[in-house]
>>> print(open('protein-v8.txt').read())   # compact mmCIF, C-alpha atoms and all ligand atoms
# COMPACT_ATOMS: atom_id res chain seq x y z
CA MET A 298 -64.03 -24.56 13.15
CA LEU A 299 -65.49 -22.00 10.76
CA SER A 300 -63.68 -22.01 7.44
CA ILE A 301 -64.07 -20.41 4.04
CA ASP A 302 -65.14 -23.35 1.90
CA LEU A 303 -65.58 -22.76 -1.82
CA THR A 304 -65.31 -26.40 -2.80
CA GLY A 305 -67.36 -27.05 -5.93
CA LYS A 306 -67.60 -23.34 -6.81
CA HIS A 307 -66.30 -21.91 -10.10
CA ALA A 308 -64.83 -18.43 -10.15
CA LEU A 309 -63.71 -15.98 -12.81
CA VAL A 310 -61.32 -13.17 -11.90
CA ALA A 311 -61.14 -10.43 -14.54
CA GLY A 312 -58.08 -8.16 -14.48
CA VAL A 313 -55.08 -10.43 -13.98
CA ALA A 314 -51.92 -9.75 -15.95
CA ASP A 315 -49.14 -10.63 -13.49
CA ASP A 316 -48.62 -12.25 -10.08
CA VAL A 317 -48.38 -8.93 -8.22
CA GLY A 318 -51.80 -7.33 -8.70
CA LEU A 319 -54.81 -7.62 -6.44
CA GLY A 320 -56.59 -9.82 -9.01
CA PHE A 321 -53.91 -12.50 -8.78
CA ALA A 322 -54.07 -12.48 -4.97
CA ILE A 323 -57.86 -12.80 -5.10
CA ALA A 324 -57.65 -15.66 -7.62
CA LYS A 325 -55.13 -17.45 -5.40
CA ALA A 326 -57.21 -16.98 -2.24
CA LEU A 327 -60.30 -18.33 -4.02
CA ALA A 328 -58.26 -21.36 -5.11
CA GLU A 329 -56.94 -21.84 -1.57
CA ALA A 330 -60.56 -21.93 -0.39
CA GLY A 331 -61.22 -24.75 -2.87
CA ALA A 332 -62.74 -22.94 -5.87
CA THR A 333 -61.92 -23.76 -9.47
CA VAL A 334 -60.53 -20.50 -10.85
CA SER A 335 -60.26 -18.99 -14.32
CA ILE A 336 -58.92 -15.56 -15.14
CA ALA A 337 -59.43 -12.97 -17.86
CA GLY A 338 -56.69 -10.57 -18.95
CA TRP A 339 -56.55 -7.43 -21.07
CA PRO A 340 -55.28 -8.30 -24.59
CA PRO A 341 -52.35 -5.82 -24.55
CA ALA A 342 -51.03 -7.50 -21.37
CA LEU A 343 -52.23 -11.06 -21.95
CA GLY A 344 -49.56 -12.30 -24.37
CA ILE A 345 -46.70 -11.67 -21.96
CA PHE A 346 -48.72 -13.12 -19.05
CA LYS A 347 -49.34 -16.36 -20.97
CA THR A 348 -45.68 -16.60 -21.98
CA LEU A 349 -44.46 -16.10 -18.41
CA LEU A 350 -47.06 -18.57 -17.13
CA ALA A 351 -45.95 -21.21 -19.65
CA ARG A 352 -42.28 -20.62 -18.73
CA GLY A 353 -43.05 -21.25 -15.06
CA LYS A 354 -42.16 -17.68 -13.99
CA PHE A 355 -45.16 -17.59 -11.64
CA ASP A 356 -44.53 -21.03 -10.15
CA GLU A 357 -43.36 -19.68 -6.81
CA SER A 358 -46.34 -17.34 -6.41
CA MET A 359 -48.68 -20.14 -7.47
CA GLN A 360 -47.62 -22.34 -4.58
CA LEU A 361 -50.57 -22.89 -2.22
CA ALA A 362 -50.26 -22.97 1.57
CA SER A 363 -51.73 -26.51 1.42
CA GLY A 364 -48.64 -27.62 -0.51
CA GLY A 365 -50.34 -27.97 -3.90
CA LYS A 366 -50.02 -25.66 -6.88
CA PHE A 367 -52.67 -23.18 -7.98
CA GLU A 368 -53.89 -24.23 -11.44
CA LEU A 369 -55.89 -21.93 -13.70
CA ALA A 370 -58.83 -23.70 -15.36
CA HIS A 371 -58.98 -21.21 -18.27
CA VAL A 372 -57.22 -18.03 -19.31
CA TYR A 373 -59.56 -15.77 -21.29
CA ALA A 374 -59.10 -12.42 -23.03
CA LEU A 375 -61.20 -9.44 -21.99
CA ASP A 376 -61.29 -5.81 -22.99
CA ALA A 377 -63.86 -4.48 -20.54
CA GLU A 378 -64.41 -1.30 -22.59
CA PHE A 379 -66.51 -3.33 -25.03
CA ASP A 380 -69.81 -5.16 -24.56
CA LYS A 381 -70.04 -6.80 -28.00
CA MET A 382 -67.78 -7.25 -31.04
CA GLU A 383 -69.83 -4.83 -33.18
CA ASP A 384 -68.70 -2.03 -30.83
CA VAL A 385 -64.96 -2.69 -31.39
CA PRO A 386 -63.29 -0.41 -33.98
CA ALA A 387 -61.93 -2.49 -36.88
CA GLU A 388 -58.37 -1.22 -36.45
CA LEU A 389 -58.31 -2.41 -32.82
CA ARG A 390 -59.99 -5.75 -33.58
CA ASP A 391 -57.46 -6.47 -36.35
CA SER A 392 -54.41 -5.24 -34.43
CA ARG A 393 -51.59 -7.63 -33.47
CA ARG A 394 -52.47 -7.98 -29.78
CA TYR A 395 -56.22 -8.40 -30.29
CA ARG A 396 -56.78 -10.36 -33.48
CA ASP A 397 -56.12 -13.89 -32.17
CA ASN A 398 -58.20 -13.54 -29.00
CA GLY A 399 -61.65 -14.51 -30.32
CA ASP A 400 -64.53 -12.55 -28.78
CA PHE A 401 -62.81 -10.53 -26.03
CA THR A 402 -65.85 -8.38 -25.19
CA ILE A 403 -67.87 -8.77 -21.99
CA SER A 404 -70.73 -10.62 -23.74
CA GLY A 405 -68.22 -12.85 -25.54
CA LEU A 406 -66.44 -13.67 -22.30
CA ALA A 407 -69.72 -14.47 -20.51
CA ALA A 408 -70.71 -16.79 -23.36
CA GLN A 409 -67.36 -18.62 -23.30
CA VAL A 410 -67.39 -18.97 -19.52
CA ALA A 411 -70.98 -20.28 -19.56
CA ALA A 412 -70.10 -22.78 -22.30
CA ALA A 413 -67.16 -24.08 -20.24
CA GLY A 414 -69.36 -25.00 -17.25
CA PRO A 415 -71.10 -23.61 -14.19
CA ILE A 416 -70.04 -20.26 -12.73
CA ASP A 417 -70.69 -18.95 -9.20
CA ILE A 418 -68.23 -16.10 -8.54
CA VAL A 419 -67.18 -13.17 -10.73
CA VAL A 420 -64.50 -10.71 -9.63
CA HIS A 421 -63.88 -7.39 -11.38
CA SER A 422 -60.31 -6.31 -10.56
CA LEU A 423 -59.58 -3.84 -13.32
CA ALA A 424 -59.51 -0.14 -13.95
CA ASN A 425 -58.19 2.23 -16.56
CA GLY A 426 -58.29 5.94 -17.19
CA SER A 427 -56.40 7.42 -20.12
CA GLU A 428 -55.92 10.77 -18.31
CA VAL A 429 -55.37 9.47 -14.76
CA LYS A 430 -52.34 11.73 -14.32
CA LYS A 431 -54.30 14.89 -15.15
CA PRO A 432 -56.08 16.95 -12.50
CA MET A 433 -59.84 17.15 -12.98
CA LEU A 434 -59.55 20.79 -14.10
CA GLU A 435 -57.53 19.56 -17.11
CA THR A 436 -59.45 16.34 -17.82
CA SER A 437 -61.16 16.14 -21.22
CA ARG A 438 -64.67 14.77 -21.69
CA LYS A 439 -63.14 11.87 -23.64
CA GLY A 440 -60.68 11.04 -20.86
CA TYR A 441 -63.32 11.28 -18.14
CA LEU A 442 -65.76 9.08 -20.02
CA SER A 443 -63.03 6.53 -20.81
CA ALA A 444 -62.29 6.18 -17.08
CA VAL A 445 -65.97 5.69 -16.24
CA SER A 446 -66.42 3.30 -19.18
CA ALA A 447 -63.46 1.02 -18.42
CA SER A 448 -63.61 1.20 -14.64
CA ALA A 449 -67.30 1.51 -13.70
CA TYR A 450 -69.69 0.71 -16.55
CA SER A 451 -67.62 -2.44 -17.15
CA MET A 452 -68.92 -3.76 -13.81
CA VAL A 453 -72.53 -2.94 -14.71
CA SER A 454 -72.07 -4.79 -17.98
CA MET A 455 -70.44 -7.76 -16.25
CA VAL A 456 -73.39 -8.14 -13.88
CA GLN A 457 -75.79 -7.78 -16.83
CA HIS A 458 -74.02 -10.50 -18.82
CA PHE A 459 -72.88 -12.91 -16.10
CA GLY A 460 -75.96 -12.60 -13.86
CA PRO A 461 -78.18 -14.75 -16.08
CA VAL A 462 -75.56 -17.49 -16.63
CA MET A 463 -74.41 -17.84 -13.00
CA ARG A 464 -75.87 -20.45 -10.70
CA PRO A 465 -78.36 -18.93 -8.20
CA ASN A 466 -76.89 -17.18 -5.13
CA GLY A 467 -73.73 -16.17 -6.97
CA ALA A 468 -71.30 -13.51 -5.79
CA PHE A 469 -69.74 -10.50 -7.51
CA VAL A 470 -66.87 -8.47 -6.07
CA SER A 471 -65.10 -5.43 -7.49
CA LEU A 472 -62.31 -3.15 -6.25
CA THR A 473 -62.55 0.52 -5.40
CA TYR A 474 -60.39 3.19 -3.80
CA MET A 475 -61.04 5.85 -1.17
CA ALA A 476 -60.57 8.60 -3.81
CA SER A 477 -64.29 8.03 -4.51
CA GLU A 478 -65.22 9.87 -1.32
CA ARG A 479 -62.13 11.84 -0.22
CA VAL A 480 -59.81 14.02 -2.31
CA ILE A 481 -56.61 12.21 -3.31
CA PRO A 482 -54.62 14.75 -5.38
CA GLY A 483 -52.97 12.92 -8.28
CA TYR A 484 -55.72 10.29 -8.73
CA GLY A 485 -57.16 12.16 -11.64
CA GLY A 486 -58.68 11.94 -15.10
CA GLY A 487 -62.12 11.01 -13.78
CA MET A 488 -60.83 7.92 -11.96
CA SER A 489 -62.21 9.24 -8.64
CA SER A 490 -65.58 9.75 -10.37
CA ALA A 491 -65.42 6.21 -11.79
CA LYS A 492 -64.82 4.75 -8.33
CA ALA A 493 -67.72 6.79 -6.88
CA ALA A 494 -69.94 5.42 -9.66
CA LEU A 495 -68.70 1.88 -9.01
CA GLU A 496 -69.60 2.11 -5.31
CA SER A 497 -73.03 3.61 -5.98
CA ASP A 498 -73.72 1.05 -8.71
CA THR A 499 -72.75 -1.73 -6.29
CA ARG A 500 -75.76 -0.83 -4.14
CA THR A 501 -78.18 -0.66 -7.07
CA LEU A 502 -76.80 -3.81 -8.69
CA ALA A 503 -77.03 -5.62 -5.34
CA PHE A 504 -80.73 -4.79 -5.17
CA GLU A 505 -81.51 -5.71 -8.77
CA ALA A 506 -79.32 -8.84 -9.01
CA GLY A 507 -80.43 -9.95 -5.54
CA ARG A 508 -84.11 -9.74 -6.44
CA LYS A 509 -83.60 -11.27 -9.88
CA TRP A 510 -81.15 -14.11 -9.24
CA GLY A 511 -80.24 -14.11 -5.56
CA HIS A 512 -76.73 -12.92 -6.44
CA ARG A 513 -74.75 -10.68 -4.07
CA VAL A 514 -72.69 -7.68 -5.21
CA ASN A 515 -70.00 -6.13 -3.00
CA VAL A 516 -66.99 -3.88 -3.47
CA ILE A 517 -63.70 -3.87 -1.57
CA SER A 518 -62.09 -0.49 -0.97
CA ALA A 519 -58.42 -1.39 -0.84
CA GLY A 520 -55.67 0.72 0.70
CA ALA A 521 -52.71 1.90 -1.36
CA TYR A 522 -50.71 -1.03 -2.75
CA ALA A 523 -47.86 -0.96 -5.29
CA SER A 524 -49.39 -2.98 -8.13
CA ARG A 525 -48.36 -2.32 -11.71
CA ALA A 526 -51.38 -0.06 -12.38
CA ALA A 527 -50.90 1.89 -9.14
CA SER A 528 -47.18 2.33 -9.78
CA ALA A 529 -47.94 3.70 -13.26
CA ILE A 530 -49.95 6.55 -11.69
CA GLY A 531 -46.66 7.73 -10.24
CA PHE A 532 -46.97 8.38 -6.48
CA ILE A 533 -47.87 5.00 -5.00
CA ASP A 534 -44.78 4.75 -2.80
CA GLN A 535 -45.70 8.05 -1.16
CA MET A 536 -49.27 6.82 -0.60
CA VAL A 537 -48.09 3.56 0.97
CA ASP A 538 -45.68 5.49 3.18
CA TYR A 539 -48.37 8.03 4.15
CA ALA A 540 -50.75 5.22 5.15
CA LYS A 541 -48.06 3.56 7.27
CA ARG A 542 -47.50 6.84 9.14
CA ASN A 543 -51.17 7.80 9.54
CA ALA A 544 -53.44 4.73 9.51
CA PRO A 545 -54.60 3.07 12.74
CA LEU A 546 -52.62 -0.05 11.76
CA THR A 547 -49.12 0.86 10.63
CA GLU A 548 -48.14 -2.09 8.43
CA ALA A 549 -48.75 -1.61 4.69
CA ILE A 550 -51.70 -3.62 3.38
CA THR A 551 -50.86 -6.81 1.52
CA ALA A 552 -52.52 -8.20 -1.58
CA ARG A 553 -53.25 -11.35 0.41
CA GLU A 554 -55.38 -9.35 2.89
CA VAL A 555 -57.49 -8.16 -0.05
CA GLY A 556 -57.56 -11.71 -1.46
CA THR A 557 -58.79 -13.35 1.73
CA THR A 558 -61.48 -10.67 2.20
CA ALA A 559 -62.69 -11.31 -1.35
CA ALA A 560 -62.76 -15.07 -0.68
CA PHE A 561 -64.84 -14.44 2.46
CA LEU A 562 -67.25 -12.10 0.64
CA CYS A 563 -67.74 -14.73 -2.09
CA SER A 564 -68.34 -17.53 0.42
CA PRO A 565 -71.52 -18.73 2.10
CA LEU A 566 -70.18 -17.21 5.34
CA ALA A 567 -70.99 -13.78 3.82
CA SER A 568 -74.50 -14.77 2.68
CA GLY A 569 -75.95 -11.78 4.55
CA ILE A 570 -73.63 -9.18 2.98
CA THR A 571 -74.57 -7.43 -0.25
CA GLY A 572 -74.40 -3.87 -1.55
CA ALA A 573 -71.49 -3.21 0.83
CA THR A 574 -68.27 -1.25 0.44
CA VAL A 575 -65.79 -3.16 2.61
CA PHE A 576 -62.59 -1.32 3.52
CA VAL A 577 -59.35 -3.33 3.53
CA ASP A 578 -57.02 -0.44 4.21
CA LYS A 579 -55.71 -0.84 7.79
CA GLY A 580 -58.33 1.70 8.84
CA MET A 581 -56.97 4.60 6.76
CA ASN A 582 -60.52 5.63 5.79
CA ALA A 583 -61.41 6.23 9.42
CA MET A 584 -58.89 9.05 9.86
CA GLY A 585 -59.96 12.67 9.64
CA ILE A 586 -56.57 14.23 10.33
CA ALA A 587 -52.96 13.30 9.61
CA VAL A 588 -50.94 12.35 12.70
CA ASP A 589 -47.46 12.61 11.18
CA ARG A 590 -47.31 16.37 11.57
CA GLU A 591 -45.30 18.31 14.11
CA GLY A 592 -46.89 18.40 17.54
CA ALA A 593 -49.46 15.70 16.67
CA ASN A 594 -50.70 13.43 19.41
CA ALA A 595 -50.21 9.96 17.92
N1 LIG B 601 -53.25 -0.84 -6.03
C1 LIG B 601 -53.95 0.00 -5.28
O1 LIG B 601 -53.41 0.82 -4.53
C2 LIG B 601 -55.46 -0.08 -5.34
C3 LIG B 601 -56.20 0.50 -4.30
C4 LIG B 601 -57.59 0.44 -4.37
C5 LIG B 601 -58.22 -0.16 -5.44
N2 LIG B 601 -57.46 -0.71 -6.45
C6 LIG B 601 -58.19 -1.34 -7.57
O2 LIG B 601 -57.85 -2.70 -7.66
C7 LIG B 601 -58.12 -3.15 -8.98
C8 LIG B 601 -56.93 -3.94 -9.48
O3 LIG B 601 -55.84 -3.07 -9.66
P1 LIG B 601 -54.34 -3.36 -9.18
O4 LIG B 601 -53.93 -2.18 -8.37
O5 LIG B 601 -54.24 -4.71 -8.60
O6 LIG B 601 -53.51 -3.25 -10.53
P2 LIG B 601 -53.22 -4.30 -11.71
O7 LIG B 601 -52.39 -3.58 -12.68
O8 LIG B 601 -52.71 -5.58 -11.17
O9 LIG B 601 -54.68 -4.60 -12.26
C9 LIG B 601 -55.38 -3.80 -13.17
C10 LIG B 601 -55.73 -4.70 -14.33
O10 LIG B 601 -56.68 -4.06 -15.17
C11 LIG B 601 -56.40 -4.51 -16.47
N3 LIG B 601 -57.09 -3.65 -17.43
C12 LIG B 601 -56.84 -2.35 -17.73
N4 LIG B 601 -57.71 -1.94 -18.67
C13 LIG B 601 -58.51 -2.99 -18.96
C14 LIG B 601 -59.59 -3.20 -19.86
N5 LIG B 601 -60.04 -2.22 -20.67
N6 LIG B 601 -60.17 -4.42 -19.91
C15 LIG B 601 -59.73 -5.43 -19.12
N7 LIG B 601 -58.72 -5.29 -18.24
C16 LIG B 601 -58.12 -4.08 -18.16
C17 LIG B 601 -54.87 -4.48 -16.54
O11 LIG B 601 -54.37 -5.24 -17.60
C18 LIG B 601 -54.52 -5.07 -15.18
O12 LIG B 601 -54.42 -6.48 -15.26
C19 LIG B 601 -58.46 -1.90 -9.80
O13 LIG B 601 -59.85 -1.74 -9.87
C20 LIG B 601 -57.85 -0.79 -8.95
O14 LIG B 601 -58.44 0.46 -9.18
C21 LIG B 601 -56.10 -0.69 -6.42
>>> encode(input="protein-v8.txt", output="structure tokens", more="lines below")
Ligand SMILES: NC(=O)c1ccc[n+]([C@@H]2O[C@H](COP(=O)([O-])OP(=O)(O)OC[C@H]3O[C@@H](n4cnc5c(N)ncnc54)[C@H](O)[C@@H]3O)[C@@H](O)[C@H]2O)c1
Amino acid sequence: MLSIDLTGKHALVAGVADDVGLGFAIAKALAEAGATVSIAGWPPALGIFKTLLARGKFDESMQLASGGKFELAHVYALDAEFDKMEDVPAELRDSRRYRDNGDFTISGLAAQVAAAGPIDIVVHSLANGSEVKKPMLETSRKGYLSAVSASAYSMVSMVQHFGPVMRPNGAFVSLTYMASERVIPGYGGGMSSAKAALESDTRTLAFEAGRKWGHRVNVISAGAYASRAASAIGFIDQMVDYAKRNAPLTEAITAREVGTTAAFLCSPLASGITGATVFVDKGMNAMGIAVDREGANA
């Protein structure tokens, strides 16, 4: 039987702050496939995550199908808006949620991960845009650039910093959304632009990292899912409902479906796939017209 076997592989999933988000589901799927998994969380959300983890609040979600429990090798801090400590404003560095986290920049994280042992898989499951609720016509330059910095350049920087320390033939995966190529009113503040950049960069990074280290770089375009970040944007329930009424497959996507696709893309079974945008959205991206309108032929 063909199976996804990541035994002996070490993975880092960046962008985990609870047991609901896509990052957690990806981390769990990688562990189910046999990988040793570490995570990195954003300092403002990391304290509460560590407390809940220590109190056993995630125990149920950390149960593996095999019967064992999913154990995290390391929990690191990461603010993906920064590449090195010199770039971090002093007031942020010294603030309550950041000051005890060591070097939480992308270069600092790569150095800590490399010092802890070999690394084969790096997942970027994070995004942020300070003006996400604003339409593009009202988005400031600062807001737009913050979305692209946190949500797209962060992936470029992660490949730059992790590429050299990963074992050859490593795998990177990030997460995008269809708003990169189709208009999704409400997904604003330059977030759609950031996702378009992320998908384009995936192709260029795949070429450069493939030639340089043999690493693969892919991006999963996930369908609407009510994570904490998506719920904060404000209309996720409508998007999930819309997809159920209009996608070729009418069940809402699950985080596990995204997780298992990521595990496949990071496995030797996907050794021929790089530079790809892989849709895990029940086919929503294939539709050119809504079918839930009066008189529609669905
Ligand atoms: N939920 C959806 O409908 C959906 C659809 C398509 C793509 N995605 C993408 O999936 C990825 C994961 O999002 P999610 O929906 O699971 O939500 P989530 O809230 O679980 O994950 C987003 C994570 O990003 C972290 N983060 C924010 N700013 C950061 C920074 N500067 N540095 C480091 N971490 C930071 C947050 O703490 C959080 O853990 C994102 O890239 C998102 O755009 C989500």
>>> closest_residue(input="protein-v8.txt", among="A:Gly556, A:Pro565, A:Gly365, A:Pro465", to="ligand LIG 601 (chain B)", atoms="only C-alpha atoms and all ligand atoms")
A:Gly556
>>> residues_around(input="protein-v8.txt", residues="range 581-591 of chain A", least_positions_apart="2", cutoff="8 Å", atoms="all atoms listed in the file", output="VMD selection string")
chain A and resid 475 520 540 542 to 545 576 578 to 579 593 to 595
>>> closest_atom_pairs(input="protein-v8.txt", of="chain A", to="ligand LIG 601 (chain B)", cutoff="6 Å", atoms="all atoms listed in the file", output="Markdown table")
| residue | atom | partner | partner_atom | distance |
| --- | --- | --- | --- | --- |
| A:Gly312 | CA | B:LIG601 | O12 | 4.1 |
| A:Val313 | CA | B:LIG601 | O12 | 4.2 |
| A:Ala314 | CA | B:LIG601 | O12 | 4.2 |
| A:Gly318 | CA | B:LIG601 | O8 | 3.2 |
| A:Leu319 | CA | B:LIG601 | O5 | 3.7 |
| A:Gly320 | CA | B:LIG601 | O5 | 5.6 |
| A:Gly338 | CA | B:LIG601 | N7 | 5.7 |
| A:Trp339 | CA | B:LIG601 | N7 | 4.2 |
| A:Ala342 | CA | B:LIG601 | O11 | 5.5 |
| A:Leu375 | CA | B:LIG601 | C15 | 5.1 |
| A:Asp376 | CA | B:LIG601 | N6 | 3.6 |
| A:Ala377 | CA | B:LIG601 | N6 | 3.7 |
| A:Glu378 | CA | B:LIG601 | N5 | 4.9 |
| A:Ser422 | CA | B:LIG601 | C7 | 4.2 |
| A:Leu423 | CA | B:LIG601 | O10 | 3.4 |
| A:Ala424 | CA | B:LIG601 | O13 | 4.4 |
| A:Asn425 | CA | B:LIG601 | N4 | 4.7 |
| A:Ala447 | CA | B:LIG601 | N5 | 5.2 |
| A:Leu472 | CA | B:LIG601 | O13 | 4.6 |
| A:Thr473 | CA | B:LIG601 | C5 | 4.4 |
| A:Tyr474 | CA | B:LIG601 | C4 | 4.0 |
| A:Ser518 | CA | B:LIG601 | C4 | 5.7 |
| A:Ala519 | CA | B:LIG601 | C4 | 4.1 |
| A:Gly520 | CA | B:LIG601 | C3 | 5.0 |
| A:Ala521 | CA | B:LIG601 | O1 | 3.4 |
| A:Tyr522 | CA | B:LIG601 | O1 | 3.7 |
| A:Ala523 | CA | B:LIG601 | N1 | 5.4 |
| A:Ser524 | CA | B:LIG601 | O4 | 4.6 |
| A:Arg525 | CA | B:LIG601 | O7 | 4.3 |
| A:Ala526 | CA | B:LIG601 | O7 | 3.7 |
| A:Ala527 | CA | B:LIG601 | N1 | 4.8 |
>>> closest_residue(input="protein-v8.txt", among="A:Ile416, A:Ile481, A:Met382, A:Met359", to="Met463 in chain A", atoms="only C-alpha atoms")
A:Ile416
>>> closest_residue(input="protein-v8.txt", among="A:Val385, A:Ala330, A:Ala529, A:Val456", to="Cys563 in chain A", atoms="only C-alpha atoms")
A:Ala330
>>> atom_distance(input="protein-v8.txt", atom1="CA of Ala503 in chain A", atom2="CA of Thr571 in chain A")
5.9 Å
>>> atom_distance(input="protein-v8.txt", atom1="CA of Arg508 in chain A", atom2="CA of Phe379 in chain A")
26.4 Å
>>> residues_around(input="protein-v8.txt", residues="Met452 in chain A", least_positions_apart="3", cutoff="9 Å", atoms="all atoms listed in the file", output="list in words")
Ala377, His421, Ala447, Ser448, Ala449, Met455, Val456, Gln457, Ser471, Leu495, Asp498 and Thr499 of chain A
>>> closest_residue(input="protein-v8.txt", among="A:Lys354, A:Arg394, A:His307, A:Lys366", to="Glu329 in chain A", atoms="only C-alpha atoms")
A:Lys366
>>> residues_around(input="protein-v8.txt", residues="Val445 in chain A", least_positions_apart="2", cutoff="8 Å", atoms="all atoms listed in the file", output="PyMOL selection string")
chain A and resi 426+441-443+447-450+487-488+490-491+494
>>> write_last_selection(input="protein-v8.txt", atoms="C-alpha atoms", output="PDB file, in the frame of the given file")
ATOM      1  CA  GLY A 426     -58.290   5.940 -17.190  1.00  0.00           C
ATOM      2  CA  TYR A 441     -63.320  11.280 -18.140  1.00  0.00           C
ATOM      3  CA  LEU A 442     -65.760   9.080 -20.020  1.00  0.00           C
ATOM      4  CA  SER A 443     -63.030   6.530 -20.810  1.00  0.00           C
ATOM      5  CA  ALA A 447     -63.460   1.020 -18.420  1.00  0.00           C
ATOM      6  CA  SER A 448     -63.610   1.200 -14.640  1.00  0.00           C
ATOM      7  CA  ALA A 449     -67.300   1.510 -13.700  1.00  0.00           C
ATOM      8  CA  TYR A 450     -69.690   0.710 -16.550  1.00  0.00           C
ATOM      9  CA  GLY A 487     -62.120  11.010 -13.780  1.00  0.00           C
ATOM     10  CA  MET A 488     -60.830   7.920 -11.960  1.00  0.00           C
ATOM     11  CA  SER A 490     -65.580   9.750 -10.370  1.00  0.00           C
ATOM     12  CA  ALA A 491     -65.420   6.210 -11.790  1.00  0.00           C
ATOM     13  CA  ALA A 494     -69.940   5.420  -9.660  1.00  0.00           C
TER      14      ALA A 494
END
>>> atom_distance(input="protein-v8.txt", atom1="CA of Lys430 in chain A", atom2="CA of Ala324 in chain A")
28.7 Å
>>> residues_near_point(input="protein-v8.txt", point="(-58.5, -9.9, 9.8)", cutoff="10 Å", atoms="only C-alpha atoms", output="list of chain:residue names")
A:Glu554, A:Thr557, A:Thr558, A:Val577, A:Lys579
>>> closest_residue(input="protein-v8.txt", among="A:Gly460, A:Gly592, A:Gly305, A:Gly531", to="Gly507 in chain A", atoms="only C-alpha atoms")
A:Gly460
>>> closest_residue(input="protein-v8.txt", among="A:Ala468, A:Ile533, A:Leu389, A:Leu406", to="His512 in chain A", atoms="all atoms listed in the file")
A:Ala468
>>> residues_around(input="protein-v8.txt", residues="Phe561 in chain A", least_positions_apart="2", cutoff="12 Å", atoms="all atoms listed in the file", output="ChimeraX atom specification")
/A:299-303,323,326-327,329-330,418,468-470,515,517,554-559,563-570,575
>>> build_atoms(input="protein-v8.txt", residues="range 511-524 of chain A", atoms="N, CA and C atoms", output="mmCIF file, in the coordinates of the input")
data_model
loop_
_atom_site.group_PDB
_atom_site.id
_atom_site.type_symbol
_atom_site.label_atom_id
_atom_site.label_comp_id
_atom_site.auth_asym_id
_atom_site.auth_seq_id
_atom_site.Cartn_x
_atom_site.Cartn_y
_atom_site.Cartn_z
ATOM 1 N N GLY A 511 -80.792 -13.745 -6.869
ATOM 2 C CA GLY A 511 -80.240 -14.110 -5.560
ATOM 3 C C GLY A 511 -78.744 -13.883 -5.474
ATOM 4 N N HIS A 512 -78.172 -13.185 -6.475
ATOM 5 C CA HIS A 512 -76.730 -12.920 -6.440
ATOM 6 C C HIS A 512 -76.424 -11.769 -5.479
ATOM 7 N N ARG A 513 -75.223 -11.777 -4.938
ATOM 8 C CA ARG A 513 -74.750 -10.680 -4.070
ATOM 9 C C ARG A 513 -73.697 -9.859 -4.833
ATOM 10 N N VAL A 514 -73.649 -8.572 -4.539
ATOM 11 C CA VAL A 514 -72.690 -7.680 -5.210
ATOM 12 C C VAL A 514 -72.036 -6.797 -4.142
ATOM 13 N N ASN A 515 -70.733 -6.934 -3.989
ATOM 14 C CA ASN A 515 -70.000 -6.130 -3.000
ATOM 15 C C ASN A 515 -68.767 -5.522 -3.632
ATOM 16 N N VAL A 516 -68.213 -4.514 -2.965
ATOM 17 C CA VAL A 516 -66.990 -3.880 -3.470
ATOM 18 C C VAL A 516 -66.003 -3.706 -2.317
ATOM 19 N N ILE A 517 -64.759 -4.036 -2.579
ATOM 20 C CA ILE A 517 -63.700 -3.870 -1.570
ATOM 21 C C ILE A 517 -62.972 -2.560 -1.853
ATOM 22 N N SER A 518 -62.882 -1.710 -0.833
ATOM 23 C CA SER A 518 -62.090 -0.490 -0.970
ATOM 24 C C SER A 518 -60.717 -0.772 -0.376
ATOM 25 N N ALA A 519 -59.759 -0.982 -1.277
ATOM 26 C CA ALA A 519 -58.420 -1.390 -0.840
ATOM 27 C C ALA A 519 -57.557 -0.166 -0.524
ATOM 28 N N GLY A 520 -56.653 -0.330 0.407
ATOM 29 C CA GLY A 520 -55.670 0.720 0.700
ATOM 30 C C GLY A 520 -54.604 0.730 -0.386
ATOM 31 N N ALA A 521 -53.737 1.737 -0.331
ATOM 32 C CA ALA A 521 -52.710 1.900 -1.360
ATOM 33 C C ALA A 521 -51.761 0.700 -1.382
ATOM 34 N N TYR A 522 -51.532 0.170 -2.571
ATOM 35 C CA TYR A 522 -50.710 -1.030 -2.750
ATOM 36 C C TYR A 522 -49.975 -0.900 -4.090
ATOM 37 N N ALA A 523 -48.687 -1.210 -4.093
ATOM 38 C CA ALA A 523 -47.860 -0.960 -5.290
ATOM 39 C C ALA A 523 -48.009 -2.028 -6.367
ATOM 40 N N SER A 524 -49.183 -2.113 -6.959
ATOM 41 C CA SER A 524 -49.390 -2.980 -8.130
ATOM 42 C C SER A 524 -48.805 -2.268 -9.355
#
